[in-house]
Every structure is written in structure tokens, then in C-alpha cells.
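Engineer: A single structure is presented below for examination.
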Amino acid sequence: LRASVGTKHFMVLSLLRNVRTELQYFEYVGEGHWVERPSAVEGGGVAVGCDVSVSAVWPAESDELWLVKDGFLQPDALQLASATDGAASPRDLKAKPAMFDATGFITEQWEATSADGTKVPYFLIRHKDLPMDGSTPTLLDGYGGFQISMTPGYSAGVGAAWLERGGAKVVANIRGGGEFGPAWHQAALKEKRHRAYEDFEAVA
């Protein structure tokens, strides 16, 4: 659980599930009962490769939400949405200017298998027409320390200097970070530090 926000009739939970932000919506139906209202869109309105922060517009009077989104291919954007439809139809209000042309680029999430059998997720950002046969120049990034999660974020430098010039970018969520809680962090500490490097190698 990353955050929770209350509106007039809803409680909105922001979760990090498999390194992807997901919004869940629970409606208060009276007499102390809450009912989950699934969103019609994947992730409760958060696409793969994007991150979001959510806050209530006027919690005492409405179910409207402020959404601030960004991602590997999307600069910060402010949207107005509603908890009543699970943020299925957000309205764009304003956004920072794009610093590179993301047309035709996609973000995918995959898993690699580390030396001890652990599944390690990673994001792949690339143009949809790039060959994936080992010939595409690829930047591999990871951290694996201090319980810090490598979640999606916009990088003008990577986009303009690398992606637009024909490269791909991979972000590996290796052990030592905080993507799956304390156990994921502790799995690569001290005498187990080699696991972070094995995870990185597996993704490569």
C-alpha cells in the first residue's frame, strides 16, 4: 500500500503490485460496509510504464480526483477523474512539454529468471518496430539497494539522446531494492549481495 485517499463516497487505494502502480476503488454503501468497484480500465487507470499520485478534489462534497501521472514515455500530466467510474475517463488539464517524440514507442514488462530461480521483473522501453534479436543497442539500468524501488519516471535525456536514436532502455527491478517489500531488500544484503548482480546478469 502506497497511499489512500477518501472522497465523499469512495476510498481509493494506491498499491504497488509487481512494480506497477494500481488504483483500487471501494464504495461506502452504509452501515459500515464497503464494496470494491473494479475499474473498467487496466490498473485502475494506470498504464504499464506509468506512475500516478492521487488526491481528492473536494472530499466532503464530491468523488472527483486529481491524478498526476508520469512515466517512461510521458512527462508529468495533471488530470481530473472520478472515483465513480474508476478513473476510466480522465480529463487532461495540463502537462509539462514533451522533451522527445514518443510516437511509436512502447513500454513492456517482462521477467527474467535469476541463478537461484527467482523471477526478476524488468521494464523494456523501445520503438515498436525495433528488432529484438540482440542487435538493438540497449541501456540496462538497475539499483538494488537501500530498499529503493525503480518505478517508472520520465527522462528527457534518455528519450532524446538514446531512444530517438535507435536504442532501447531496460530498467531491472533487482533484489536489494524495495519493489516487493523488506524481504526483497534483505535478500541481497551482506553475504547475499551477489544475488543483486546475478539478477542484473539474468536480465541482461
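Residues are named by chain letter and number: chains run A, B, ... in the order of the C-alpha cells, numbers start at 1 in each chain, and ligands are numbered from 1 in the order shown.
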Show me, as a PyMOL selection string, the residues that have an atom within 12 Å of Arg165 in chain A when counting only C-alpha atoms, minus same-chain residues fewer than 2 positions from it.

Structural biologist: chain A and resi 100-102+126-127+130+136-138+157-163+167-169

Engineer: Would you write out those residues with all heavy atoms, as a short mmCIF file (atom, residue, chain, number, x, y, z; two decimals), in the first residue's frame?

Structural biologist:
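Final output, saved to out21.cif:
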data_model
loop_
_atom_site.label_atom_id
_atom_site.label_comp_id
_atom_site.auth_asym_id
_atom_site.auth_seq_id
_atom_site.Cartn_x
_atom_site.Cartn_y
_atom_site.Cartn_z
N PHE A 100 10.95 14.69 -25.99
CA PHE A 100 11.31 13.86 -27.13
C PHE A 100 10.04 13.31 -27.73
O PHE A 100 8.98 13.28 -27.08
CB PHE A 100 12.28 12.73 -26.74
CG PHE A 100 11.72 11.73 -25.76
CD1 PHE A 100 11.12 10.56 -26.21
CD2 PHE A 100 11.81 11.94 -24.39
CE1 PHE A 100 10.61 9.62 -25.31
CE2 PHE A 100 11.30 11.03 -23.49
CZ PHE A 100 10.70 9.85 -23.95
N ASP A 101 10.12 12.86 -28.97
CA ASP A 101 8.95 12.34 -29.68
C ASP A 101 8.77 10.87 -29.33
O ASP A 101 9.56 10.02 -29.72
CB ASP A 101 9.13 12.51 -31.19
CG ASP A 101 7.91 12.07 -31.98
OD1 ASP A 101 6.88 11.73 -31.35
OD2 ASP A 101 7.98 12.06 -33.22
N ALA A 102 7.72 10.56 -28.57
CA ALA A 102 7.47 9.19 -28.12
C ALA A 102 6.55 8.42 -29.06
O ALA A 102 6.14 7.30 -28.73
CB ALA A 102 6.87 9.21 -26.71
N ARG A 126 11.08 0.78 -25.81
CA ARG A 126 11.65 0.67 -27.15
C ARG A 126 10.64 1.15 -28.18
O ARG A 126 9.44 1.29 -27.89
CB ARG A 126 12.01 -0.79 -27.46
CG ARG A 126 10.79 -1.73 -27.50
CD ARG A 126 11.20 -3.15 -27.80
NE ARG A 126 10.05 -4.06 -27.82
CZ ARG A 126 9.37 -4.38 -28.93
NH1 ARG A 126 9.71 -3.83 -30.10
NH2 ARG A 126 8.36 -5.22 -28.88
N HIS A 127 11.13 1.39 -29.39
CA HIS A 127 10.23 1.62 -30.50
C HIS A 127 9.64 0.29 -30.92
O HIS A 127 10.33 -0.74 -30.93
CB HIS A 127 10.95 2.27 -31.68
CG HIS A 127 10.02 2.82 -32.72
ND1 HIS A 127 9.44 2.04 -33.69
CD2 HIS A 127 9.54 4.09 -32.91
CE1 HIS A 127 8.66 2.79 -34.45
NE2 HIS A 127 8.70 4.04 -34.00
N LEU A 130 11.56 -1.89 -33.52
CA LEU A 130 12.95 -2.29 -33.34
C LEU A 130 13.07 -3.81 -33.29
O LEU A 130 12.26 -4.48 -32.65
CB LEU A 130 13.52 -1.70 -32.06
CG LEU A 130 14.00 -0.25 -32.08
CD1 LEU A 130 14.54 0.14 -30.72
CD2 LEU A 130 15.08 -0.05 -33.15
N THR A 136 19.86 -4.63 -31.25
CA THR A 136 19.48 -3.27 -30.84
C THR A 136 20.34 -2.82 -29.65
O THR A 136 20.37 -3.50 -28.62
CB THR A 136 17.99 -3.23 -30.45
OG1 THR A 136 17.19 -3.57 -31.58
CG2 THR A 136 17.60 -1.84 -29.95
N PRO A 137 21.03 -1.68 -29.77
CA PRO A 137 21.79 -1.17 -28.62
C PRO A 137 20.85 -0.92 -27.44
O PRO A 137 19.80 -0.29 -27.62
CB PRO A 137 22.40 0.13 -29.14
CG PRO A 137 22.34 0.03 -30.62
CD PRO A 137 21.14 -0.80 -30.94
N THR A 138 21.22 -1.41 -26.26
CA THR A 138 20.31 -1.35 -25.11
C THR A 138 21.05 -0.88 -23.87
O THR A 138 22.10 -1.41 -23.52
CB THR A 138 19.68 -2.73 -24.85
OG1 THR A 138 18.99 -3.17 -26.02
CG2 THR A 138 18.70 -2.66 -23.69
N GLY A 157 16.66 13.12 -21.11
CA GLY A 157 17.96 12.76 -21.65
C GLY A 157 17.97 11.40 -22.32
O GLY A 157 18.49 11.23 -23.43
N VAL A 158 17.38 10.41 -21.63
CA VAL A 158 17.31 9.06 -22.21
C VAL A 158 16.48 9.07 -23.49
O VAL A 158 16.84 8.46 -24.50
CB VAL A 158 16.73 8.07 -21.19
CG1 VAL A 158 16.42 6.73 -21.86
CG2 VAL A 158 17.70 7.86 -20.05
N GLY A 159 15.37 9.78 -23.45
CA GLY A 159 14.49 9.80 -24.62
C GLY A 159 15.13 10.45 -25.83
O GLY A 159 15.14 9.88 -26.94
N ALA A 160 15.68 11.66 -25.63
CA ALA A 160 16.22 12.41 -26.76
C ALA A 160 17.57 11.88 -27.23
O ALA A 160 17.86 11.84 -28.43
CB ALA A 160 16.34 13.89 -26.37
N ALA A 161 18.42 11.47 -26.29
CA ALA A 161 19.78 11.08 -26.65
C ALA A 161 19.93 9.60 -26.96
O ALA A 161 20.93 9.19 -27.56
CB ALA A 161 20.75 11.47 -25.53
N TRP A 162 18.95 8.79 -26.55
CA TRP A 162 19.10 7.35 -26.73
C TRP A 162 17.95 6.71 -27.50
O TRP A 162 18.14 6.10 -28.55
CB TRP A 162 19.27 6.67 -25.37
CG TRP A 162 19.62 5.22 -25.46
CD1 TRP A 162 18.79 4.16 -25.20
CD2 TRP A 162 20.86 4.65 -25.87
NE1 TRP A 162 19.43 2.98 -25.42
CE2 TRP A 162 20.72 3.24 -25.82
CE3 TRP A 162 22.08 5.20 -26.26
CZ2 TRP A 162 21.76 2.39 -26.15
CZ3 TRP A 162 23.12 4.34 -26.59
CH2 TRP A 162 22.94 2.95 -26.54
N LEU A 163 16.73 6.86 -26.99
CA LEU A 163 15.59 6.19 -27.63
C LEU A 163 15.35 6.71 -29.04
O LEU A 163 15.15 5.92 -29.98
CB LEU A 163 14.33 6.37 -26.78
CG LEU A 163 14.35 5.76 -25.39
CD1 LEU A 163 13.05 6.08 -24.64
CD2 LEU A 163 14.56 4.25 -25.44
N GLY A 167 18.02 3.37 -29.84
CA GLY A 167 18.34 2.48 -28.74
C GLY A 167 17.11 2.04 -27.97
O GLY A 167 16.01 2.57 -28.14
N ALA A 168 17.30 1.07 -27.10
CA ALA A 168 16.25 0.61 -26.18
C ALA A 168 16.76 0.80 -24.75
O ALA A 168 17.98 0.89 -24.52
CB ALA A 168 15.92 -0.86 -26.43
N LYS A 169 15.85 0.87 -23.82
CA LYS A 169 16.21 1.05 -22.41
C LYS A 169 15.53 -0.04 -21.59
O LYS A 169 14.35 -0.34 -21.77
CB LYS A 169 15.76 2.43 -21.92
CG LYS A 169 15.95 2.70 -20.43
CD LYS A 169 17.42 2.87 -20.07
CE LYS A 169 17.61 3.10 -18.57
NZ LYS A 169 17.15 4.40 -18.10
#

Engineer: At a cut-off of 6 Å, using only C-alpha atoms, what residues contact Gly178 in chain A? Leave out same-chain residues fewer than 6 positions from it and give the result as a ChimeraX atom specification.

Structural biologist: /A:147-149,185

Engineer: My list of candidates is A:Pro182, A:Tyr25, A:Gly32, A:Gly104. Which is closest to Glu164 in chain A when distances are computed with only C-alpha atoms?

Structural biologist: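 Looking only at the distances to Glu164 in chain A, the closest residue turns out to be A:Gly104.
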
Engineer: Counting only C-alpha atoms, which residue out of A:Leu13, A:Pro38, A:Lys8, A:Glu198 sits closest to Val57 in chain A?

Structural biologist: A:Lys8

Engineer: Counting only C-alpha atoms, what is within 10 Å of Ala60 in chain A, bar same-chain residues fewer than 5 positions away, as number ranges by chain?

Structural biologist: A: 6-9

Engineer: Put those residues in a file: N, CA, C and O atoms, as a short mmCIF file (atom, residue, chain, number, x, y, z; two decimals), in the first residue's frame.

Structural biologist:
data_model
loop_
_atom_site.label_atom_id
_atom_site.label_comp_id
_atom_site.auth_asym_id
_atom_site.auth_seq_id
_atom_site.Cartn_x
_atom_site.Cartn_y
_atom_site.Cartn_z
N GLY A 6 -9.57 9.48 0.53
CA GLY A 6 -11.01 9.39 0.72
C GLY A 6 -11.74 10.49 -0.03
O GLY A 6 -11.31 11.64 -0.04
N THR A 7 -12.84 10.12 -0.70
CA THR A 7 -13.74 11.09 -1.32
C THR A 7 -15.08 11.01 -0.59
O THR A 7 -15.19 10.36 0.46
N LYS A 8 -16.12 11.62 -1.13
CA LYS A 8 -17.41 11.64 -0.44
C LYS A 8 -17.96 10.23 -0.24
O LYS A 8 -18.48 9.90 0.83
N HIS A 9 -17.84 9.37 -1.27
CA HIS A 9 -18.41 8.02 -1.19
C HIS A 9 -17.39 6.91 -1.37
O HIS A 9 -17.75 5.73 -1.26
#

Engineer: With only C-alpha atoms as the atoms that count, which of A:Ala87, A:Val48, A:Leu189, A:Leu80 lies nearest to Leu23 in chain A?

Structural biologist: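 Counting only C-alpha atoms, the residue closest to Leu23 in chain A is A:Ala87.
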
Engineer: Excluding range 61-74 of chain A and its own-chain neighbours fewer than 3 positions away, which residues fall within 8 Å of it when counting only C-alpha atoms? Please give them as a VMD selection string.

Structural biologist: chain A and resid 7 to 10 49 to 58 77 to 84 98 102 105 to 107 125 152 to 155 159

Engineer: Among range 3-37 of chain A, which ones does DSSP place in strand (DSSP E), written as a list in words?

Structural biologist: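 Going through range 3-37 of chain A, the strand (DSSP E) residues come out as Ala3, Ser4, Val5, Gly6, Phe10, Met11, Val12, Leu13, Ser14, Leu15, Leu16, Arg17, Arg20, Thr21, Glu22, Leu23, Gln24, Tyr25, Phe26, Glu27, Tyr28, Val29, Gly30, His33, Trp34, Val35 and Glu36 of chain A.
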
Engineer: Quick one: distance from CA of Gly177 in chain A to CA of Tyr143 in chain A in Å, one decimal?

Structural biologist: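 Separating CA of Gly177 in chain A from CA of Tyr143 in chain A is a distance of 6.8 Å.
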
Engineer: Would you please work out which residue, of A:Val41, A:Leu124, A:Gln186, A:Asn173, is nearest to Leu139 in chain A when using only C-alpha atoms?

Structural biologist: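 Of A:Val41, A:Leu124, A:Gln186, A:Asn173, the one nearest Leu139 in chain A is A:Leu124, counting only C-alpha atoms.
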
Engineer: Using only C-alpha atoms, which of A:Val5, A:Glu191, A:Ala95, A:Met11 sits nearest His33 in chain A?

Structural biologist: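 Comparing A:Val5, A:Glu191, A:Ala95, A:Met11 against His33 in chain A, the winner is A:Met11.
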
Engineer: For CA of Lys119 in chain A and CA of Ala183 in chain A, quote the distance in Å rounded to one decimal.

Structural biologist: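 Distance between the two atoms: 14.0 Å.
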
Engineer: Give me, please, the distance in Å between CA of Ala188 in chain A and CA of Ala172 in chain A, quoted to one decimal.

Structural biologist: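 Computed distance, CA of Ala188 in chain A to CA of Ala172 in chain A, equals 14.4 Å.
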
Engineer: Please determine, counting only C-alpha atoms, which residue among A:Asp85, A:Asp76, A:Glu36, A:Glu111 has the shortest atom-to-atom distance to Ala204 in chain A.

Structural biologist: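 Closest residue, counting only C-alpha atoms: A:Glu111.
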
Engineer: From a backbone DSSP assignment, name each residue in chain A labelled helix (DSSP H, G or I), as an MDAnalysis selection string.

Structural biologist: chainID A and resid 42:44 83:85 156:161 163:165 182:186 190:192 194:203
